[in-house]
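S.K.: Questions regarding the structure given below will be posed in turn.
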Amino acid sequence: MANQYDFSIDKGTTVTVAFVYSDANGTPINITNYCARFSMVPTDGTIGQQTYYSGGSTSNYNCSIDGPNGTITLILSSAHTATFDFTTAQYDLDLKAPNSAYNGGGDNITRIYQGFVALVS
């Protein structure tokens, strides 16, 4: 079962969110060579789905994995969050099995976090 974590984004600011994948004892799970996908869909239908992949970096975002520490870090640029026009969005953070990039689906996908994002204007 995925961890539930809700957070806020201040519109027009740079946002950094770190997620740690850990076992029932709180020990980080090594996710070296995994691929992460963070997908966010506004609950009010104002914009389409936003998806960010680990190893990806554009002027809008950077998503990276610290495998030995089980950490996925998502950074959204201030210019990118300034374009957001939703009240709340629902998100999922999934991991795909080692050495397999996302290509529209696939096997061995594990949802590790889910929740809601509130946009603060």
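Ligands are numbered from 1 in the order shown, chains are lettered A, B, ... in the order of the structure tokens, and residues start at 1 in each chain.
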So which residues touch A:Arg37 within 8 Å, counting only C-alpha atoms, skipping near sequence neighbours fewer than 4 positions away, as a list in words?
M.R.: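 Answer for this query is Thr51, Tyr52, Tyr53, Ser54, Asp92, Leu93, Asp94, Leu95 and Tyr102 of chain A.
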S.K.: Find, counting only C-alpha atoms, the residue in A:Gly70, A:Gln4, A:Lys96, A:Asp10 that gets nearest to A:Cys35.
M.R.: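 Closest to A:Cys35, using only C-alpha atoms: A:Lys96.
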S.K.: Can you work out which one of A:Thr110, A:Pro68, A:Ile29, A:Val120 has the shortest atom-to-atom distance to A:Thr13, counting only C-alpha atoms?
M.R.: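 The closest residue to A:Thr13 is A:Val120.
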S.K.: Record the distance separating atom CA of A:Gly67 and atom CA of A:Tyr34, expressed in Å with one decimal.
M.R.: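 Distance between the two atoms: 7.8 Å.
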S.K.: As a ChimeraX atom specification, please: every residue in chain A that DSSP puts in strand (DSSP E).
M.R.: /A:3-4,7-10,15-20,35-42,50-53,61-66,71-76,88-96,109-120
S.K.: Check the smallest atom-to-atom distance from each of A:Asn3, A:Gln49, A:Thr43, A:Asn62 to A:Ala24 using only C-alpha atoms, then report the winner.
M.R.: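 Counting only C-alpha atoms, the residue closest to A:Ala24 is A:Asn3.
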S.K.: From stretch 4-112 of chain A, collect each residue whose DSSP state is helix (DSSP H, G or I) and return the set as a PDB file with N, CA, C and O atoms, in the first residue's frame.
M.R.:
ATOM      1  N   GLY A  67      19.732   6.385  -5.078  1.00  0.00           N
ATOM      2  CA  GLY A  67      19.386   4.981  -4.918  1.00  0.00           C
ATOM      3  C   GLY A  67      19.704   4.373  -3.568  1.00  0.00           C
ATOM      4  O   GLY A  67      18.821   3.793  -2.919  1.00  0.00           O
ATOM      5  N   PRO A  68      20.956   4.458  -3.085  1.00  0.00           N
ATOM      6  CA  PRO A  68      21.292   3.817  -1.812  1.00  0.00           C
ATOM      7  C   PRO A  68      20.469   4.335  -0.628  1.00  0.00           C
ATOM      8  O   PRO A  68      20.235   3.606   0.332  1.00  0.00           O
ATOM      9  N   ASN A  69      20.024   5.596  -0.700  1.00  0.00           N
ATOM     10  CA  ASN A  69      19.242   6.191   0.389  1.00  0.00           C
ATOM     11  C   ASN A  69      17.741   6.146   0.139  1.00  0.00           C
ATOM     12  O   ASN A  69      16.953   6.707   0.916  1.00  0.00           O
ATOM     13  N   SER A  78      10.330  27.857 -10.482  1.00  0.00           N
ATOM     14  CA  SER A  78       9.375  28.926 -10.169  1.00  0.00           C
ATOM     15  C   SER A  78       8.595  29.337 -11.418  1.00  0.00           C
ATOM     16  O   SER A  78       7.401  29.619 -11.337  1.00  0.00           O
ATOM     17  N   ALA A  79       9.259  29.357 -12.566  1.00  0.00           N
ATOM     18  CA  ALA A  79       8.564  29.706 -13.813  1.00  0.00           C
ATOM     19  C   ALA A  79       7.479  28.675 -14.132  1.00  0.00           C
ATOM     20  O   ALA A  79       6.402  29.024 -14.618  1.00  0.00           O
ATOM     21  N   HIS A  80       7.749  27.417 -13.835  1.00  0.00           N
ATOM     22  CA  HIS A  80       6.783  26.350 -14.102  1.00  0.00           C
ATOM     23  C   HIS A  80       5.592  26.432 -13.143  1.00  0.00           C
ATOM     24  O   HIS A  80       4.436  26.378 -13.567  1.00  0.00           O
ATOM     25  N   THR A  81       5.858  26.592 -11.838  1.00  0.00           N
ATOM     26  CA  THR A  81       4.747  26.649 -10.883  1.00  0.00           C
ATOM     27  C   THR A  81       3.910  27.913 -11.070  1.00  0.00           C
ATOM     28  O   THR A  81       2.736  27.929 -10.720  1.00  0.00           O
TER      29      THR A  81
END
S.K.: Please determine, counting only C-alpha atoms, which residue among A:Ser121, A:Pro98, A:Gln114, A:Thr14 has the shortest atom-to-atom distance to A:Ser59.
M.R.: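 Under the stated criterion, the closest residue is A:Thr14.
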S.K.: Point out the residue among A:Phe116, A:Thr16, A:Lys11, A:Phe84 with the least atom-to-atom distance to A:Ser64, counting only C-alpha atoms.
M.R.: A:Thr16
S.K.: Rank nothing, just name the residue among A:Ile112, A:Val20, A:Val15, A:Val117 nearest to A:Ile75, using only C-alpha atoms.
M.R.: A:Val15
S.K.: Atom CA of A:Ser8 and atom CA of A:Gly115 are how many Å apart?
M.R.: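 Result for atom CA of A:Ser8 versus atom CA of A:Gly115: 10.9 Å, one decimal.
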S.K.: Near A:Ala18, within 8 Å and counting only C-alpha atoms, which residues show up once chain neighbours fewer than 6 positions away are dropped, as a PyMOL selection string?
M.R.: chain A and resi 71-74
S.K.: Write out the residues from the selection above, keeping N, CA, C and O atoms, as a compact mmCIF listing (two decimals), in the first residue's frame.
M.R.:
# COMPACT_ATOMS: atom_id res chain seq x y z
N THR A 71 15.83 7.68 -1.94
CA THR A 71 15.23 9.01 -2.03
C THR A 71 14.98 9.44 -3.47
O THR A 71 15.87 9.34 -4.32
N ILE A 72 13.79 9.93 -3.72
CA ILE A 72 13.43 10.55 -5.00
C ILE A 72 13.20 12.03 -4.71
O ILE A 72 12.41 12.37 -3.82
N THR A 73 13.88 12.91 -5.45
CA THR A 73 13.72 14.35 -5.25
C THR A 73 13.17 14.97 -6.52
O THR A 73 13.72 14.78 -7.60
N LEU A 74 12.09 15.72 -6.36
CA LEU A 74 11.45 16.44 -7.47
C LEU A 74 11.60 17.92 -7.21
O LEU A 74 11.25 18.41 -6.14
